[in-house]
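The file my_file35.pdb comes next; it holds PDB, C-alpha atoms.
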```pdb
ATOM      1  CA  MET A   1       0.000   0.000   0.000
ATOM      2  CA  LYS A   2       1.496   3.311  -1.047
ATOM      3  CA  LYS A   3       1.674   6.113   1.480
ATOM      4  CA  LYS A   4       0.784   9.580   0.276
ATOM      5  CA  ILE A   5       2.635  12.408   2.021
ATOM      6  CA  THR A   6       1.987  15.994   1.007
ATOM      7  CA  ILE A   7       4.946  18.373   0.859
ATOM      8  CA  LEU A   8       4.524  22.124   1.223
ATOM      9  CA  TYR A   9       6.786  24.485  -0.717
ATOM     10  CA  ILE A  10       7.220  28.227  -0.374
ATOM     11  CA  LEU A  11       8.957  30.082  -3.203
ATOM     12  CA  ALA A  12      10.879  33.310  -2.724
ATOM     13  CA  LEU A  13      11.342  34.952  -6.100
ATOM     14  CA  THR A  14      13.868  37.797  -6.224
ATOM     15  CA  LEU A  15      16.287  39.146  -8.798
ATOM     16  CA  SER A  16      18.863  36.772  -7.333
ATOM     17  CA  SER A  17      16.351  33.933  -7.374
ATOM     18  CA  SER A  18      17.346  30.331  -6.914
ATOM     19  CA  LEU A  19      15.398  29.404 -10.032
ATOM     20  CA  GLU A  20      17.513  27.592 -12.578
ATOM     21  CA  LEU A  21      15.880  28.003 -15.954
ATOM     22  CA  SER A  22      17.106  25.836 -18.783
ATOM     23  CA  ALA A  23      17.408  27.298 -22.250
ATOM     24  CA  GLN A  24      14.533  26.618 -24.605
ATOM     25  CA  SER A  25      14.528  26.629 -28.382
ATOM     26  CA  SER A  26      11.723  26.581 -30.900
ATOM     27  CA  ASP A  27      12.238  22.902 -31.663
ATOM     28  CA  SER A  28      13.054  21.566 -28.206
ATOM     29  CA  LEU A  29      11.604  21.963 -24.743
ATOM     30  CA  LYS A  30      13.826  21.257 -21.757
ATOM     31  CA  PRO A  31      12.614  20.928 -18.176
ATOM     32  CA  ILE A  32      12.724  23.805 -15.717
ATOM     33  CA  LEU A  33      14.635  22.919 -12.564
ATOM     34  CA  ILE A  34      13.501  24.724  -9.441
ATOM     35  CA  SER A  35      15.156  24.775  -6.031
ATOM     36  CA  PHE A  36      13.004  25.807  -3.086
ATOM     37  CA  PRO A  37      14.407  28.090  -0.372
ATOM     38  CA  TRP A  38      12.163  26.405   2.236
ATOM     39  CA  SER A  39       9.894  23.377   2.435
ATOM     40  CA  ALA A  40       8.166  21.313   5.086
ATOM     41  CA  GLU A  41       6.412  17.963   5.085
ATOM     42  CA  SER A  42       4.245  15.916   7.387
ATOM     43  CA  ASP A  43       5.429  12.912   9.347
ATOM     44  CA  ARG A  44       2.070  11.175   8.852
ATOM     45  CA  ALA A  45       0.649   9.571   5.727
ATOM     46  CA  ASN A  46      -2.689  10.827   4.374
ATOM     47  CA  SER A  47      -2.840  13.718   6.839
ATOM     48  CA  ASN A  48      -3.470  16.390   4.165
ATOM     49  CA  PHE A  49      -0.611  18.576   5.357
ATOM     50  CA  GLY A  50      -0.894  21.947   3.653
ATOM     51  CA  ASN A  51      -4.655  21.834   3.144
ATOM     52  CA  LYS A  52      -4.644  25.439   4.415
ATOM     53  CA  VAL A  53      -1.668  27.794   4.313
ATOM     54  CA  ALA A  54      -1.533  31.500   5.103
ATOM     55  CA  THR A  55       0.509  34.202   6.680
ATOM     56  CA  ALA A  56       0.128  34.250  10.450
ATOM     57  CA  GLY A  57       1.291  37.837  10.664
ATOM     58  CA  ASP A  58       4.046  38.505  13.201
ATOM     59  CA  VAL A  59       2.933  36.495  16.234
ATOM     60  CA  ASN A  60       6.011  37.161  18.384
ATOM     61  CA  GLY A  61       6.789  40.766  17.431
ATOM     62  CA  ASP A  62      10.294  40.131  16.119
ATOM     63  CA  GLY A  63       9.674  42.028  12.888
ATOM     64  CA  TYR A  64       9.425  38.898  10.719
ATOM     65  CA  SER A  65       6.259  37.384   9.273
ATOM     66  CA  ASP A  66       5.299  33.857  10.271
ATOM     67  CA  VAL A  67       3.218  31.233   8.441
ATOM     68  CA  ILE A  68       0.402  28.904   9.475
ATOM     69  CA  VAL A  69      -0.037  25.434   7.957
ATOM     70  CA  SER A  70      -2.776  22.924   8.767
ATOM     71  CA  GLU A  71      -3.398  19.202   8.283
ATOM     72  CA  PHE A  72      -6.997  18.518   9.195
ATOM     73  CA  ASN A  73      -6.740  14.742   8.665
ATOM     74  CA  PHE A  74      -3.942  14.222  11.188
ATOM     75  CA  ARG A  75      -4.383  10.999  13.147
ATOM     76  CA  ASN A  76      -2.855  10.115  16.493
ATOM     77  CA  SER A  77      -0.568   7.104  16.311
ATOM     78  CA  TYR A  78      -2.337   5.335  19.170
ATOM     79  CA  ASP A  79      -5.990   5.501  18.078
ATOM     80  CA  LYS A  80      -5.791   6.408  14.362
ATOM     81  CA  LYS A  81      -8.671   8.875  14.745
ATOM     82  CA  GLU A  82      -8.829  12.021  12.597
ATOM     83  CA  LYS A  83      -8.377  14.950  14.956
ATOM     84  CA  GLY A  84      -6.454  17.567  12.960
ATOM     85  CA  ARG A  85      -3.344  19.572  13.675
ATOM     86  CA  VAL A  86      -2.057  23.094  12.918
ATOM     87  CA  PHE A  87       1.517  24.396  12.793
ATOM     88  CA  VAL A  88       3.101  27.845  12.838
ATOM     89  CA  PHE A  89       6.637  28.369  11.552
ATOM     90  CA  TYR A  90       8.356  31.561  12.682
ATOM     91  CA  GLY A  91      10.223  33.845  10.316
ATOM     92  CA  SER A  92      13.723  35.189  10.946
ATOM     93  CA  ARG A  93      16.626  36.890   9.196
ATOM     94  CA  THR A  94      17.480  33.545   7.603
ATOM     95  CA  GLY A  95      13.864  32.717   6.674
ATOM     96  CA  LEU A  96      11.371  30.273   8.138
ATOM     97  CA  SER A  97      12.348  27.821  10.854
ATOM     98  CA  LYS A  98      13.070  24.257   9.772
ATOM     99  CA  SER A  99      10.672  22.794  12.327
ATOM    100  CA  PRO A 100       7.387  24.218  13.645
ATOM    101  CA  ASN A 101       7.681  26.619  16.571
ATOM    102  CA  TRP A 102       4.062  26.082  17.617
ATOM    103  CA  ILE A 103       1.627  23.183  17.246
ATOM    104  CA  ALA A 104      -2.056  22.891  18.187
ATOM    105  CA  LYS A 105      -4.024  19.647  18.000
ATOM    106  CA  GLY A 106      -7.724  18.963  17.829
ATOM    107  CA  ASP A 107      -9.305  16.860  20.563
ATOM    108  CA  GLN A 108     -12.398  15.473  18.820
ATOM    109  CA  ASN A 109     -12.550  12.562  16.413
ATOM    110  CA  GLY A 110     -13.663  13.834  13.021
ATOM    111  CA  GLY A 111     -13.576  17.420  14.289
ATOM    112  CA  ALA A 112     -11.701  18.678  11.200
ATOM    113  CA  PHE A 113      -9.532  20.927  13.377
ATOM    114  CA  GLY A 114      -7.544  23.057  10.939
ATOM    115  CA  LYS A 115      -9.839  22.594   7.951
ATOM    116  CA  SER A 116      -9.704  26.385   7.929
ATOM    117  CA  ALA A 117      -6.908  28.509   9.393
ATOM    118  CA  SER A 118      -5.777  32.099   8.999
ATOM    119  CA  MET A 119      -4.225  35.143  10.539
ATOM    120  CA  ALA A 120      -6.761  36.842  12.815
ATOM    121  CA  GLY A 121      -4.989  40.186  12.890
ATOM    122  CA  ASP A 122      -4.443  41.789  16.298
ATOM    123  CA  VAL A 123      -7.829  41.291  17.965
ATOM    124  CA  ASN A 124      -6.830  42.595  21.407
ATOM    125  CA  GLY A 125      -4.540  45.446  20.385
ATOM    126  CA  ASP A 126      -1.426  44.207  22.177
ATOM    127  CA  GLY A 127       0.797  44.639  19.118
ATOM    128  CA  TYR A 128       1.073  40.932  18.249
ATOM    129  CA  SER A 129      -0.728  39.046  15.492
ATOM    130  CA  ASP A 130      -3.173  36.335  16.503
ATOM    131  CA  VAL A 131      -4.352  33.246  14.599
ATOM    132  CA  ILE A 132      -7.791  31.737  14.043
ATOM    133  CA  ILE A 133      -8.549  28.047  13.439
ATOM    134  CA  GLY A 134     -11.818  26.484  12.342
ATOM    135  CA  ALA A 135     -13.061  22.986  13.187
ATOM    136  CA  TYR A 136     -16.413  22.591  11.460
ATOM    137  CA  GLY A 137     -16.760  18.923  12.469
ATOM    138  CA  TYR A 138     -16.847  19.547  16.234
ATOM    139  CA  ASN A 139     -19.900  18.345  18.150
ATOM    140  CA  ASP A 140     -21.484  16.466  15.264
ATOM    141  CA  LYS A 141     -20.765  19.284  12.815
ATOM    142  CA  GLU A 142     -22.150  22.097  14.920
ATOM    143  CA  GLY A 143     -18.616  23.392  14.505
ATOM    144  CA  MET A 144     -16.219  25.409  16.620
ATOM    145  CA  VAL A 145     -13.609  28.147  16.118
ATOM    146  CA  PHE A 146     -10.531  28.912  18.204
ATOM    147  CA  VAL A 147      -8.332  32.014  18.446
ATOM    148  CA  TYR A 148      -4.820  31.961  19.893
ATOM    149  CA  TYR A 149      -3.142  35.212  20.920
ATOM    150  CA  GLY A 150       0.372  36.185  19.965
ATOM    151  CA  SER A 151       2.904  37.518  22.490
ATOM    152  CA  LEU A 152       6.605  38.231  22.971
ATOM    153  CA  THR A 153       7.141  34.502  23.459
ATOM    154  CA  GLY A 154       4.882  33.497  20.578
ATOM    155  CA  LEU A 155       1.401  32.002  20.397
ATOM    156  CA  SER A 156      -0.462  30.868  23.503
ATOM    157  CA  LYS A 157      -0.533  27.130  24.198
ATOM    158  CA  THR A 158      -4.293  27.057  24.693
ATOM    159  CA  ALA A 159      -7.063  28.964  22.931
ATOM    160  CA  ASN A 160      -7.786  32.409  24.364
ATOM    161  CA  TRP A 161     -11.192  32.630  22.680
ATOM    162  CA  SER A 162     -13.620  30.175  21.155
ATOM    163  CA  ALA A 163     -17.106  30.156  19.680
ATOM    164  CA  GLU A 164     -19.375  27.321  18.609
ATOM    165  CA  GLY A 165     -22.197  26.899  16.146
ATOM    166  CA  ASN A 166     -24.919  25.733  18.543
ATOM    167  CA  GLU A 167     -26.984  24.547  15.596
ATOM    168  CA  GLU A 168     -27.090  20.963  14.392
ATOM    169  CA  LYS A 169     -25.013  20.359  11.239
ATOM    170  CA  SER A 170     -24.294  24.080  10.863
ATOM    171  CA  ASN A 171     -20.615  23.526   9.934
ATOM    172  CA  PHE A 172     -19.625  26.626  11.892
ATOM    173  CA  GLY A 173     -15.988  27.443  11.125
ATOM    174  CA  SER A 174     -15.926  26.035   7.610
ATOM    175  CA  SER A 175     -14.140  29.242   6.553
ATOM    176  CA  VAL A 176     -12.361  31.721   8.850
ATOM    177  CA  ALA A 177     -10.296  34.859   8.282
ATOM    178  CA  THR A 178      -9.412  38.255   9.600
ATOM    179  CA  ALA A 179     -12.019  40.841   8.685
ATOM    180  CA  GLY A 180      -9.595  43.727   9.130
ATOM    181  CA  ASP A 181     -10.925  46.622  11.209
ATOM    182  CA  VAL A 182     -14.492  47.102   9.994
ATOM    183  CA  ASN A 183     -15.511  49.757  12.537
ATOM    184  CA  GLY A 184     -12.305  51.779  12.822
ATOM    185  CA  ASP A 185     -11.676  51.138  16.528
ATOM    186  CA  LYS A 186      -8.053  50.009  15.901
ATOM    187  CA  PHE A 187      -8.782  46.381  16.781
ATOM    188  CA  SER A 188      -8.871  43.565  14.248
ATOM    189  CA  ASP A 189     -12.134  41.716  13.744
ATOM    190  CA  VAL A 190     -12.724  38.165  12.478
ATOM    191  CA  ILE A 191     -15.142  36.622   9.989
ATOM    192  CA  ILE A 192     -16.527  33.079  10.299
ATOM    193  CA  SER A 193     -18.879  31.156   8.057
ATOM    194  CA  ALA A 194     -21.389  28.416   8.781
ATOM    195  CA  GLU A 195     -24.090  26.742   6.664
ATOM    196  CA  ASP A 196     -25.491  29.618   4.533
ATOM    197  CA  ARG A 197     -24.594  32.159   7.187
ATOM    198  CA  VAL A 198     -21.657  34.448   7.985
ATOM    199  CA  PHE A 199     -20.700  36.053  11.300
ATOM    200  CA  VAL A 200     -18.298  38.836  12.263
ATOM    201  CA  TYR A 201     -16.960  39.270  15.793
ATOM    202  CA  TYR A 202     -15.385  42.605  16.732
ATOM    203  CA  GLY A 203     -12.089  42.940  18.571
ATOM    204  CA  SER A 204     -11.451  45.038  21.691
ATOM    205  CA  THR A 205      -8.980  45.436  24.556
ATOM    206  CA  ASN A 206     -10.603  42.317  26.037
ATOM    207  CA  GLY A 207     -10.316  40.403  22.771
ATOM    208  CA  LEU A 208     -13.172  39.234  20.580
ATOM    209  CA  SER A 209     -16.810  39.688  21.557
ATOM    210  CA  LYS A 210     -18.601  36.683  23.025
ATOM    211  CA  THR A 211     -21.461  36.919  20.540
ATOM    212  CA  PRO A 212     -21.393  38.001  16.897
ATOM    213  CA  ASN A 213     -21.696  41.737  16.247
ATOM    214  CA  TRP A 214     -22.849  41.214  12.665
ATOM    215  CA  SER A 215     -24.315  38.383  10.639
ATOM    216  CA  SER A 216     -25.766  37.793   7.208
ATOM    217  CA  ILE A 217     -27.885  34.922   5.927
ATOM    218  CA  GLY A 218     -27.951  33.666   2.373
ATOM    219  CA  SER A 219     -31.249  33.534   0.532
ATOM    220  CA  LYS A 220     -32.805  30.236  -0.469
ATOM    221  CA  ASN A 221     -30.948  30.549  -3.764
ATOM    222  CA  ASN A 222     -27.622  31.109  -1.991
ATOM    223  CA  VAL A 223     -27.028  27.468  -1.146
ATOM    224  CA  TYR A 224     -23.304  27.889  -0.473
ATOM    225  CA  PHE A 225     -23.320  31.426   0.871
ATOM    226  CA  GLY A 226     -20.109  31.821   2.890
ATOM    227  CA  ASN A 227     -18.213  28.916   1.373
ATOM    228  CA  CYS A 228     -15.231  31.286   1.490
ATOM    229  CA  VAL A 229     -14.864  34.539   3.428
ATOM    230  CA  SER A 230     -12.152  37.160   3.775
ATOM    231  CA  THR A 231     -11.316  40.756   4.465
ATOM    232  CA  ALA A 232     -11.663  42.804   1.301
ATOM    233  CA  GLY A 233      -9.365  45.563   2.512
ATOM    234  CA  ASP A 234     -10.714  49.092   2.168
ATOM    235  CA  VAL A 235     -12.204  49.002  -1.320
ATOM    236  CA  ASN A 236     -13.789  52.467  -1.219
ATOM    237  CA  GLY A 237     -11.053  54.307   0.672
ATOM    238  CA  ASP A 238     -13.234  55.466   3.567
ATOM    239  CA  GLY A 239     -10.802  54.244   6.238
ATOM    240  CA  PHE A 240     -12.820  51.162   7.221
ATOM    241  CA  SER A 241     -12.133  47.566   6.235
ATOM    242  CA  ASP A 242     -14.719  45.770   4.125
ATOM    243  CA  ILE A 243     -15.471  42.046   3.795
ATOM    244  CA  ILE A 244     -16.042  39.731   0.858
ATOM    245  CA  ILE A 245     -18.191  36.575   0.858
ATOM    246  CA  GLY A 246     -18.261  33.874  -1.791
ATOM    247  CA  ASP A 247     -21.152  31.652  -2.848
ATOM    248  CA  PHE A 248     -20.001  29.255  -5.545
ATOM    249  CA  GLY A 249     -23.378  27.476  -5.694
ATOM    250  CA  TYR A 250     -25.459  30.569  -6.465
ATOM    251  CA  ASN A 251     -27.884  30.273  -9.414
ATOM    252  CA  ASN A 252     -27.165  26.704 -10.437
ATOM    253  CA  GLU A 253     -23.446  27.033  -9.575
ATOM    254  CA  GLU A 254     -22.809  30.096 -11.693
ATOM    255  CA  GLY A 255     -21.565  31.540  -8.430
ATOM    256  CA  MET A 256     -21.713  34.978  -6.884
ATOM    257  CA  VAL A 257     -19.591  37.186  -4.627
ATOM    258  CA  PHE A 258     -20.825  39.798  -2.156
ATOM    259  CA  VAL A 259     -19.018  42.770  -0.580
ATOM    260  CA  TYR A 260     -20.187  44.566   2.559
ATOM    261  CA  TYR A 261     -18.701  47.936   3.530
ATOM    262  CA  GLY A 262     -17.358  48.828   6.941
ATOM    263  CA  SER A 263     -18.211  52.085   8.717
ATOM    264  CA  LEU A 264     -18.012  53.819  12.086
ATOM    265  CA  ILE A 265     -20.986  51.731  13.245
ATOM    266  CA  GLY A 266     -19.699  48.514  11.703
ATOM    267  CA  LEU A 267     -20.644  46.545   8.615
ATOM    268  CA  SER A 268     -23.539  47.472   6.347
ATOM    269  CA  LYS A 269     -26.685  45.380   6.631
ATOM    270  CA  ASN A 270     -26.996  45.007   2.875
ATOM    271  CA  CYS A 271     -24.274  44.109   0.412
ATOM    272  CA  LYS A 272     -22.883  47.057  -1.547
ATOM    273  CA  LEU A 273     -21.180  45.253  -4.403
ATOM    274  CA  THR A 274     -21.840  41.961  -6.133
ATOM    275  CA  ALA A 275     -20.311  40.041  -8.996
ATOM    276  CA  LYS A 276     -21.571  36.816 -10.510
ATOM    277  CA  GLY A 277     -20.221  34.153 -12.769
ATOM    278  CA  THR A 278     -21.475  33.299 -16.212
ATOM    279  CA  LYS A 279     -22.407  29.973 -17.655
TER
END
```
Produce C-alpha cells that represent the structure in this file.
Amino acid sequence: MKKKITILYILALTLSSSLELSAQSSDSLKPILISFPWSAESDRANSNFGNKVATAGDVNGDGYSDVIVSEFNFRNSYDKKEKGRVFVFYGSRTGLSKSPNWIAKGDQNGGAFGKSASMAGDVNGDGYSDVIIGAYGYNDKEGMVFVYYGSLTGLSKTANWSAEGNEEKSNFGSSVATAGDVNGDKFSDVIISAEDRVFVYYGSTNGLSKTPNWSSIGSKNNVYFGNCVSTAGDVNGDGFSDIIIGDFGYNNEEGMVFVYYGSLIGLSKNCKLTAKGTK
C-alpha cells in the first residue's frame, strides 16, 4: 500500500532567485529545474498537510512574518482517529524555521480541526498578530472556532477565545479569516462562516466579543453562501475595512460574490457590491 505524504513548498522569487531556468529553443523543450528556499512535510501519511496555508502575521513581534499550515486529517498514532493539527513556523533573518515553533491539535474525532486557518490580525490590540482556526466537524458538525493570541514569546498554548455553532449540522468554522478593522476602533475583527450564514466578531482590549456583532444569511438561492470569506481591505477608501463573501453554488453554480462595507458603526446590513459568474 502506497503512502501519500503531502509536501509544502514556499517560493521566494527575487532578482537573485534560486530558479535555474534551462534554455529553450523553438524545436526543443527542456525541463525547468527549481530549487526551493524552504519546504516542510508531514510525518504522517494521508494527513493532508498543507490543506490550508496562510501568513500568520508577526505572532512574536520580532519584525518577521510567520506562516500557518494545517493538516486537518492528522491521526494520532495510538488511536488512528482524525483529529487535525495546525503548525506555525516563525520567520527570521534567515527565513522560516526548519521545524514548527508552535503546534495545536484537535481533541475530537472527526472534528476537522484546521480545515480552515488564517491570521486573525491583532484582535486585542497588544501589538502581536493572533491566529484563528476552524473545526467545522466539532460536536457532530455544529462546529467550533478557536483564536490563539500572539505575544513576545509566541502564540499561547491554549485557545484564548472560542465560539461554537450551537446549531445541528451548521458547519460553523468552515471558513475563517481576519475581517480587518471594519468599525475603525483600531482592533482587528474576524469573519466566520457556517451553513449559509456568515458572522463577524469585533475585537477590543478584552479580545473578541462573546457573541457576533454582525451576521448575514444567504437567501434560499444562496445554497453555499459563505463557502469562502475574507477581508476585502478598504475598497472604497473610507478608512474602514470591508469584507467579501463567496457563494459558488449561487444560481445553479454560476456563483456569486458579495461585498459589505465597513463604517463607524460597523458593517452594512446590505451588500454594496456583487459580482456573478457566467455559464
task: Convert the output of the PyMOL selection byres ((chain A and resi 114) around 12) on the shown file into explicit residues, formatted as a ChimeraX atom specification.
output: /A:47-54,68-74,82-88,103-108,110-113,115-118,131-138,143-147,173-176
field: Neighbour list for Thr178 of chain A as a ChimeraX atom specification, cut-off 9 Å, only C-alpha atoms, skip fewer than 6 positions in-chain
entry: /A:118-121,131-132,188-192,230-231
query: Any chance you could work out the residue set of the PyMOL selection byres ((chain A and resi 157) around 10) here, as a PyMOL selection string?
result: chain A and resi 102-104+148-149+154-156+158-160
- request: Quote the spacing between atom CA of Ile217 of chain A and atom CA of Asn109 of chain A in Å to one decimal place.
  value: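 According to the coordinates, atom CA of Ile217 of chain A and atom CA of Asn109 of chain A are separated by 29.1 Å.
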message: One decimal, in Å: what's the spacing between atom CA of Ser92 of chain A and atom CA of Gly57 of chain A?
response: 12.7 Å
statement: Residue with the minimum atom-to-atom distance to Asn101 of chain A, picked from A:Val67, A:Cys228, A:Val123, A:Ala275 with only C-alpha atoms counted, is A:Val67
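Across A:Asn139, A:Ser42, A:Ser241, A:Ser216, the tightest approach to Asn166 of chain A is made by A:Asn139 when counting all atoms listed in the file.
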